[in-house]
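Enquirer: This is the structure I want to talk about, given as structure tokens.
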Amino acid sequence: MINSRFFNRSELLGFLALAVLLLLILPLSLDIFRLNLVAKYLTYAFVGIGLVLCWGYGGILSLGQGVFFGLGGYCMAMYLKLEASSVANTKIQSTPGIPDFMDWNQLTSLPFFWKPFHSFPVTLLAILLVPAFFALIIGAAMFKRRVGGVYFAIITQAIAAILTILIVGQQGYTGGINGITDLRTLHGWDIRTDHAKFILYFVEVVLLFGCIVAAQFIRLTKLGRILVAMREQEDRVRFSGYSVANFKIFAFCAAAVFAAIGGAMFTLEVGFMSPSFVGIVPSIEMVIYTAVGGRMSIFGAVWGALLVNFAKTSLSESFPQLWLFGLGALFIAVVLAFPNGLSGIWADHIQPRIDRLLSSRKSKSAAGMIADGAPAE
Amino acid sequence: MLVGHQPKEFLLAVSGLTVSFDGFKAVNDLSFYVEENEIRVIIGPNGAGKTTVLDLICGKTKATSGSIQFRGQELTRLRENEIVQAGVGRKFQTPSVFEDLTVFENLEISFPRGRTVFGSLTFQRDDTVKQRVEEVAEMIFLKDRLNTYADQLSHGQKQWLEIGMLLIQDPDLLMLDEPVAGMSVSERAKTAELLNRIIKDRSVLVIEHDMKFVEDIAHKVTVLHQGQILSEGTMEHVKNDPKVIEVYLGH
């Protein structure tokens, strides 16, 4: 029947091409500094995969994915910071054993919500569950009341702004505008060395492929088709006996978890987390990566995150003040001319040509065989 | 007025139903009863509140006051998807099918299994589903279009597909809002044939303007006018009612 295979031929090719690029070509050709940059770009690919499900398939545009990226990142950063703030490391502080920024802000004991982050397993769980729970609350509050479309997008923006203000304002508890910095070891393993960065890159790529497979699984279940159905005819889904709100909440939570995994990897790769990755601007940038890559394509989202960030780095190195205009122009151009992004261009223009080329070669060789065979008759 | 007496055999008992939009009463103290296996047609001039009545029953619009009892369950308190699960199916006036999905997938979504988030994640397309989908596809004349995306169907075929989606839900009460509107003559005949087949073993509430079609299928006709019942009874009775002739049939 339809969709009987997990990946169809072109998806399988896309998967393999990405695997070869990320696991072979890039690690062999780039120095560790550039490879670490690629790792940083890829953290946004996680957000993009979530947006494909939530926005591309479910039609729920969230302009606040930075919130979940940040929550995942902060959970990881809190664990790393506590490990870096051992009594031995912080004996010059007036209260040894707490993070340095708390000491600077006259805190004398560790706040209660920091305490669970002494444990590595709890941290790993928190990276997944805290953003999921947060998305559940927002989703339930909005979708049960049938808030959707642009209103939902605006509210997610507001939440991103609020969380940024909260983090910046509560400096003693969060590290404020500087974020949580000076992170050193993960479970005793120094993450600052080149070797660690190399290992972390591969860990991230494996996680990324895990997320691609998970997203593809969701897409191919009936739930994936209901998301598409919901985007088009919400009422028809409702009158087919489904609670539309619950499905939207699921899509939003799933997107939040993907974003959080990206955020946690970001903290590990880059070595700090700050509110500048939580707010409105990074949240919108994440949507742009997805739009450029193609919001209907899981692989497109990964390519979008890689290419736009690569362009961002190279352009902002040479023309720092022009970059933001370039990004804006790119977004407008993609939305106007190629609503399905790069993956749409690939599927509509490049793939058919390749297919035609292959099939014409096949038919030519078949014709050749007949021609060869003819004189023998 | 609330429920007077309510004999058990009524599948649907609407009583004292009122809905007002900013003071305008689109449906005003409406009461009617539908029996098991009854085909009821609602007719009336534009703006009489016909579609609003269906909206109220299926939960799309919330009633201001009054009650809708379906098999003893109060529908006004349920959400739309719960009303569907209770056994009420609704077809909209304009065809609402999922255009980015295939005919098969459209029908499959309506199959009454795995309607929760978890249920739909673990839903398996097994032989029961496939058989049922193929069975219904044959009934709605789309058997050889199962893998066609719904946006490539004609208007009439989309209407059939939506009827098929309702059919696969197997509702006890089927509500159809102008099922033959906008169809060609041949499509219309086919649809009448289709409806005649699917209305067996269930109650049907139909809104329709095509009087010949109404005469063909109706057991009982309710004429609405300005949110209230103008006349009710057999087609013969309604046709000869002077009030009905004046406001509706006379034109």
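In the structure tokens, each chain is lettered A, B, ... as it comes, each chain's residues begin at 1, and ligands are numbered from 1 in order of appearance.
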Determine which residues of chain B sit within 6 Å of chain A, taking into account only C-alpha atoms, and present them as a list of chain:residue names.
Expert: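 Output check: B:Asn81, B:Val84, B:Gln85, B:Phe98, B:Ser110, B:Arg115, B:Ser120, B:Leu121.
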Enquirer: Now that the selection is made, can you save its residues with C-alpha atoms as a PDB file, in the first residue's frame?
Expert:
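Output contents, as saved in again_10.pdb:
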ATOM      1  CA  ASN B  81     -15.248  14.705  19.362  1.00  0.00           C
ATOM      2  CA  VAL B  84     -18.917  11.902  17.324  1.00  0.00           C
ATOM      3  CA  GLN B  85     -17.893   9.058  19.607  1.00  0.00           C
ATOM      4  CA  PHE B  98      -8.157  16.419   3.545  1.00  0.00           C
ATOM      5  CA  SER B 110     -12.368   8.271   9.916  1.00  0.00           C
ATOM      6  CA  ARG B 115      -8.644   8.177  18.195  1.00  0.00           C
ATOM      7  CA  SER B 120      -2.970   6.982  16.692  1.00  0.00           C
ATOM      8  CA  LEU B 121       0.762   6.494  17.291  1.00  0.00           C
TER       9      LEU B 121
END
Enquirer: Show me, as a PyMOL selection string, the residues that have an atom within 8 Å of segment 130-146 of chain A when counting only C-alpha atoms, minus same-chain residues fewer than 2 positions from it.
Expert: chain A and resi 68+71-72+126-128+148+152+245-246+248-250+252-254+256-257+260
Enquirer: Check the DSSP output for the backbone and give back, as a PyMOL selection string, the residues of segment 65-243 of chain B in strand (DSSP E or B).
Expert: chain B and resi 65-70+73-74+88-91+102+149+173-177+203-207+220-225+228-233
Enquirer: Restricting the calculation to only C-alpha atoms: of B:Val185, B:Ile43, B:Val180, B:Val34, which residue gets closest to Ile68 of chain B?
Expert: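 Using only C-alpha atoms, Ile68 of chain B sits closest to B:Val34.
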Enquirer: I need the helix (DSSP H, G or I) residues of segment 11-211 of chain B per DSSP on the backbone, written as a PyMOL selection string.
Expert: chain B and resi 50-58+75-77+80-86+103-110+117-121+127-139+143-145+150-152+155-169+185-198+211
Enquirer: Suppose we keep C-alpha atoms; can you now write the selection as an mmCIF file, in the first residue's frame?
Expert:
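Done, and the output landed in again25.cif:
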data_model
loop_
_atom_site.group_PDB
_atom_site.id
_atom_site.type_symbol
_atom_site.label_atom_id
_atom_site.label_comp_id
_atom_site.auth_asym_id
_atom_site.auth_seq_id
_atom_site.Cartn_x
_atom_site.Cartn_y
_atom_site.Cartn_z
ATOM 1 C CA LYS B 50 -31.331 24.875 9.333
ATOM 2 C CA THR B 51 -27.559 24.669 9.348
ATOM 3 C CA THR B 52 -27.489 26.178 12.836
ATOM 4 C CA VAL B 53 -29.627 23.287 14.096
ATOM 5 C CA LEU B 54 -27.069 20.798 12.783
ATOM 6 C CA ASP B 55 -24.259 22.912 14.262
ATOM 7 C CA LEU B 56 -25.980 22.773 17.636
ATOM 8 C CA ILE B 57 -26.505 19.020 17.549
ATOM 9 C CA CYS B 58 -22.909 18.250 16.579
ATOM 10 C CA LEU B 75 -25.177 16.403 23.914
ATOM 11 C CA THR B 76 -25.069 20.082 24.859
ATOM 12 C CA ARG B 77 -22.530 19.237 27.555
ATOM 13 C CA GLU B 80 -17.435 17.784 19.396
ATOM 14 C CA ASN B 81 -15.248 14.705 19.362
ATOM 15 C CA GLU B 82 -17.226 13.165 22.229
ATOM 16 C CA ILE B 83 -20.446 13.728 20.302
ATOM 17 C CA VAL B 84 -18.917 11.902 17.324
ATOM 18 C CA GLN B 85 -17.893 9.058 19.607
ATOM 19 C CA ALA B 86 -21.449 8.930 20.959
ATOM 20 C CA VAL B 103 -8.541 8.889 -0.649
ATOM 21 C CA PHE B 104 -7.370 5.864 1.323
ATOM 22 C CA GLU B 105 -5.843 8.011 4.059
ATOM 23 C CA ASN B 106 -8.928 10.205 4.227
ATOM 24 C CA LEU B 107 -11.119 7.177 4.831
ATOM 25 C CA GLU B 108 -8.622 5.599 7.210
ATOM 26 C CA ILE B 109 -8.632 8.653 9.487
ATOM 27 C CA SER B 110 -12.368 8.271 9.916
ATOM 28 C CA VAL B 117 -2.871 10.550 20.670
ATOM 29 C CA PHE B 118 -1.334 7.302 21.861
ATOM 30 C CA GLY B 119 -3.846 5.232 19.914
ATOM 31 C CA SER B 120 -2.970 6.982 16.692
ATOM 32 C CA LEU B 121 0.762 6.494 17.291
ATOM 33 C CA ASP B 127 -6.677 -6.178 7.124
ATOM 34 C CA THR B 128 -9.844 -5.053 8.926
ATOM 35 C CA VAL B 129 -9.027 -1.433 8.134
ATOM 36 C CA LYS B 130 -8.027 -2.158 4.545
ATOM 37 C CA GLN B 131 -11.131 -4.232 3.887
ATOM 38 C CA ARG B 132 -13.453 -1.658 5.374
ATOM 39 C CA VAL B 133 -11.794 1.178 3.440
ATOM 40 C CA GLU B 134 -12.044 -0.748 0.180
ATOM 41 C CA GLU B 135 -15.641 -1.664 0.897
ATOM 42 C CA VAL B 136 -16.618 1.947 1.507
ATOM 43 C CA ALA B 137 -14.543 3.180 -1.445
ATOM 44 C CA GLU B 138 -16.526 0.880 -3.688
ATOM 45 C CA MET B 139 -19.805 2.258 -2.332
ATOM 46 C CA LYS B 143 -12.561 2.257 -5.622
ATOM 47 C CA ASP B 144 -9.957 2.845 -8.314
ATOM 48 C CA ARG B 145 -8.916 6.225 -6.896
ATOM 49 C CA ALA B 150 -8.061 14.252 -2.627
ATOM 50 C CA ASP B 151 -7.234 17.624 -4.196
ATOM 51 C CA GLN B 152 -7.422 15.965 -7.602
ATOM 52 C CA HIS B 155 -16.428 18.543 -6.520
ATOM 53 C CA GLY B 156 -18.909 15.677 -6.656
ATOM 54 C CA GLN B 157 -16.231 13.097 -5.848
ATOM 55 C CA LYS B 158 -15.156 15.138 -2.830
ATOM 56 C CA GLN B 159 -18.752 15.144 -1.622
ATOM 57 C CA TRP B 160 -18.850 11.376 -2.000
ATOM 58 C CA LEU B 161 -15.549 11.048 -0.204
ATOM 59 C CA GLU B 162 -16.885 13.005 2.735
ATOM 60 C CA ILE B 163 -20.011 10.862 2.778
ATOM 61 C CA GLY B 164 -17.704 7.840 2.744
ATOM 62 C CA MET B 165 -15.759 9.238 5.670
ATOM 63 C CA LEU B 166 -19.009 9.458 7.614
ATOM 64 C CA LEU B 167 -20.007 6.008 6.526
ATOM 65 C CA ILE B 168 -16.825 4.475 7.879
ATOM 66 C CA GLN B 169 -17.568 6.115 11.240
ATOM 67 C CA VAL B 185 -27.358 15.770 -12.975
ATOM 68 C CA SER B 186 -25.632 12.417 -13.281
ATOM 69 C CA GLU B 187 -23.737 12.935 -10.030
ATOM 70 C CA ARG B 188 -27.014 13.823 -8.376
ATOM 71 C CA ALA B 189 -28.650 10.580 -9.456
ATOM 72 C CA LYS B 190 -25.659 8.593 -8.258
ATOM 73 C CA THR B 191 -25.693 10.413 -4.939
ATOM 74 C CA ALA B 192 -29.385 9.706 -4.423
ATOM 75 C CA GLU B 193 -28.661 6.049 -5.081
ATOM 76 C CA LEU B 194 -25.738 6.185 -2.635
ATOM 77 C CA LEU B 195 -27.768 7.909 0.058
ATOM 78 C CA ASN B 196 -30.619 5.457 -0.340
ATOM 79 C CA ARG B 197 -28.168 2.664 0.327
ATOM 80 C CA ILE B 198 -26.421 4.198 3.333
ATOM 81 C CA MET B 211 -37.727 19.005 -3.541
#
Enquirer: Excluding same-chain residues fewer than 6 positions from segment 345-358 of chain A, what lies within 12 Å of it counting only C-alpha atoms, as a count of residues only?
Expert: 19
Enquirer: Rounded to one decimal place, report the atom CA of Lys25 of chain B-atom CA of Pro45 of chain B distance in Å.
Expert: 15.9 Å
Enquirer: If I take atom CA of Ala77 of chain A and atom CA of Phe202 of chain A, how far is one from the other in Å, to one decimal?
Expert: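 Separation of atom CA of Ala77 of chain A and atom CA of Phe202 of chain A: 19.9 Å.
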Enquirer: Name the closest residue to Asn105 of chain A among the candidates A:Gly279, A:Met286, A:Phe319, A:Gly176; distances are taken between atoms, counting only C-alpha atoms.
Expert: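 Using only C-alpha atoms, the shortest distance to Asn105 of chain A belongs to A:Gly176.
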Enquirer: For atom CA of Gly341 of chain A and atom CA of Phe7 of chain A, quote the distance in Å rounded to one decimal.
Expert: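 Between atom CA of Gly341 of chain A and atom CA of Phe7 of chain A the gap works out to 20.5 Å.
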Enquirer: Tell me which of A:His187, A:Arg192, A:Arg361, A:Lys312 sits closest to Val270 of chain A, counting only C-alpha atoms.
Expert: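 Ranking A:His187, A:Arg192, A:Arg361, A:Lys312 by distance to Val270 of chain A, first place goes to A:Arg192.
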Enquirer: Which residue is closest to Asp216 of chain B? Choose from B:Asp172, B:Glu236, B:Asp201, B:Asp100 and count only C-alpha atoms.
Expert: B:Glu236
Enquirer: List the neighbours of Leu249 of chain B out to 9 Å using only C-alpha atoms; skip same-chain residues closer than 2 positions along the sequence, and give me the result as a PDB file with N, CA and C atoms, in the first residue's frame.
Expert:
ATOM      1  N   GLY B  44     -36.632  24.745   4.400  1.00  0.00           N
ATOM      2  CA  GLY B  44     -36.959  26.090   4.851  1.00  0.00           C
ATOM      3  C   GLY B  44     -36.188  27.106   4.056  1.00  0.00           C
ATOM      4  N   PRO B  45     -36.663  28.358   4.054  1.00  0.00           N
ATOM      5  CA  PRO B  45     -35.977  29.398   3.288  1.00  0.00           C
ATOM      6  C   PRO B  45     -34.597  29.714   3.861  1.00  0.00           C
ATOM      7  N   LYS B 239     -46.602  19.778   2.055  1.00  0.00           N
ATOM      8  CA  LYS B 239     -46.776  20.405   0.749  1.00  0.00           C
ATOM      9  C   LYS B 239     -48.097  21.175   0.650  1.00  0.00           C
ATOM     10  N   VAL B 244     -46.703  26.916   4.692  1.00  0.00           N
ATOM     11  CA  VAL B 244     -45.474  26.502   4.014  1.00  0.00           C
ATOM     12  C   VAL B 244     -45.461  27.032   2.593  1.00  0.00           C
ATOM     13  N   ILE B 245     -46.623  26.940   1.931  1.00  0.00           N
ATOM     14  CA  ILE B 245     -46.699  27.409   0.551  1.00  0.00           C
ATOM     15  C   ILE B 245     -46.374  28.891   0.501  1.00  0.00           C
ATOM     16  N   GLU B 246     -46.838  29.620   1.494  1.00  0.00           N
ATOM     17  CA  GLU B 246     -46.619  31.064   1.478  1.00  0.00           C
ATOM     18  C   GLU B 246     -45.138  31.424   1.654  1.00  0.00           C
ATOM     19  N   VAL B 247     -44.491  30.859   2.692  1.00  0.00           N
ATOM     20  CA  VAL B 247     -43.121  31.310   2.959  1.00  0.00           C
ATOM     21  C   VAL B 247     -42.064  30.567   2.166  1.00  0.00           C
ATOM     22  N   HIS B 251     -42.515  30.267  -3.724  1.00  0.00           N
ATOM     23  CA  HIS B 251     -41.598  31.044  -4.557  1.00  0.00           C
ATOM     24  C   HIS B 251     -41.211  30.313  -5.826  1.00  0.00           C
TER      25      HIS B 251
END
Enquirer: Which residues are close to segment 218-220 of chain B, i.e. within 10 Å by only C-alpha atoms, leaving aside same-chain residues fewer than 5 positions away? Reply as a PDB file with C-alpha atoms, in the first residue's frame.
Expert:
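Now in around32.pdb:
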ATOM      1  CA  VAL B  34     -36.265  11.796  15.584  1.00  0.00           C
ATOM      2  CA  ASN B  37     -34.240   4.508  11.468  1.00  0.00           C
ATOM      3  CA  GLU B  38     -36.143   7.625  10.548  1.00  0.00           C
ATOM      4  CA  ILE B  39     -35.181   9.798   7.604  1.00  0.00           C
ATOM      5  CA  ARG B  40     -35.982  13.374   8.513  1.00  0.00           C
ATOM      6  CA  VAL B  41     -35.542  16.208   6.085  1.00  0.00           C
ATOM      7  CA  ILE B  42     -35.323  19.805   7.228  1.00  0.00           C
ATOM      8  CA  VAL B 204     -30.646  10.510   9.067  1.00  0.00           C
ATOM      9  CA  LEU B 205     -31.183  14.211   9.340  1.00  0.00           C
ATOM     10  CA  VAL B 206     -30.878  15.940   5.971  1.00  0.00           C
ATOM     11  CA  PHE B 213     -34.875  14.528  -3.831  1.00  0.00           C
ATOM     12  CA  GLU B 232     -44.014  19.191  10.446  1.00  0.00           C
ATOM     13  CA  GLY B 233     -45.307  15.928   9.040  1.00  0.00           C
ATOM     14  CA  THR B 234     -45.266  13.842   5.913  1.00  0.00           C
ATOM     15  CA  MET B 235     -44.235  15.440   2.630  1.00  0.00           C
ATOM     16  CA  GLU B 236     -47.867  15.308   1.515  1.00  0.00           C
ATOM     17  CA  HIS B 237     -49.008  17.142   4.619  1.00  0.00           C
ATOM     18  CA  VAL B 238     -46.293  19.771   4.454  1.00  0.00           C
TER      19      VAL B 238
END
Enquirer: Rank A:Phe209, A:Ala160, A:Val281, A:Ala215 by their smallest atom-to-atom distance to Leu51 of chain A, using only C-alpha atoms, and report the top residue only.
Expert: A:Ala215
Enquirer: Could you check the closest approach to Tyr57 of chain A for each of B:Asp29, B:Glu215, B:Leu101, B:Lys62 and tell me which residue wins, using only C-alpha atoms?
Expert: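 Looking only at the distances to Tyr57 of chain A, the closest residue turns out to be B:Leu101.
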Enquirer: Show me, as a list in words, the residues that have an atom within 10 Å of Arg71 of chain B when counting only C-alpha atoms, minus same-chain residues fewer than 4 positions from it.
Expert: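 Selected residues are Lys8, Glu9, Phe10, Leu11, Leu12, Ala13, Glu36, Leu75, Ala86, Gly87 and Asp172 of chain B.
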Enquirer: Given the selection you just returned, output its residues as a file containing C-alpha atoms, formatted as a PDB file, in the first residue's frame.
Expert:
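Final output, saved to result-v6.pdb:
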ATOM      1  CA  LYS B   8     -37.754   5.942  25.093  1.00  0.00           C
ATOM      2  CA  GLU B   9     -37.879   5.093  21.407  1.00  0.00           C
ATOM      3  CA  PHE B  10     -36.671   8.527  20.288  1.00  0.00           C
ATOM      4  CA  LEU B  11     -33.087   8.470  19.133  1.00  0.00           C
ATOM      5  CA  LEU B  12     -32.796  12.219  19.228  1.00  0.00           C
ATOM      6  CA  ALA B  13     -34.941  14.512  21.329  1.00  0.00           C
ATOM      7  CA  GLU B  36     -34.686   5.151  15.209  1.00  0.00           C
ATOM      8  CA  LEU B  75     -25.177  16.403  23.914  1.00  0.00           C
ATOM      9  CA  ALA B  86     -21.449   8.930  20.959  1.00  0.00           C
ATOM     10  CA  GLY B  87     -22.578   8.128  17.400  1.00  0.00           C
ATOM     11  CA  ASP B 172     -26.337   6.024  14.505  1.00  0.00           C
TER      12      ASP B 172
END
Enquirer: Near Ile288 of chain A, counting only C-alpha atoms, which residues have an atom at most 10 Å away, once you skip same-chain residues fewer than 2 positions from it, shown as a list in words?
Expert: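 Contacts, with the query itself left out: Gly48, Pro282, Ser283, Ile284, Glu285, Met286, Thr290, Ala291, Val292, Gly293, Gly294, Arg295, Ala301, Gly304, Ala305, Val308, Leu327, Gly328, Leu330, Phe331, Ile332, Val334, Val335 and Gly341 of chain A.
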Enquirer: Write the residues of the selection above to a file with C-alpha atoms, as a tab-separated table (two decimals), in the first residue's frame.
Expert:
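File written: again.tsv
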chain	number	residue	atom	x	y	z
A	48	GLY	CA	14.31	22.45	12.88
A	282	PRO	CA	17.10	33.43	18.01
A	283	SER	CA	13.60	31.93	18.03
A	284	ILE	CA	12.78	33.63	14.74
A	285	GLU	CA	16.14	32.65	13.28
A	286	MET	CA	15.32	29.02	14.06
A	290	THR	CA	13.52	25.62	8.86
A	291	ALA	CA	11.74	27.71	6.24
A	292	VAL	CA	14.86	27.92	4.09
A	293	GLY	CA	15.50	24.19	4.37
A	294	GLY	CA	11.86	23.36	3.76
A	295	ARG	CA	9.29	23.10	6.47
A	301	ALA	CA	15.43	21.31	8.13
A	304	GLY	CA	18.65	24.60	6.27
A	305	ALA	CA	20.26	24.83	9.69
A	308	VAL	CA	22.08	29.27	6.73
A	327	LEU	CA	18.93	36.88	6.55
A	328	GLY	CA	15.73	38.90	6.36
A	330	LEU	CA	16.59	35.37	2.37
A	331	PHE	CA	13.51	34.63	4.46
A	332	ILE	CA	11.27	36.87	2.35
A	334	VAL	CA	12.10	31.86	0.27
A	335	VAL	CA	8.56	32.48	1.51
A	341	GLY	CA	12.34	25.85	0.76
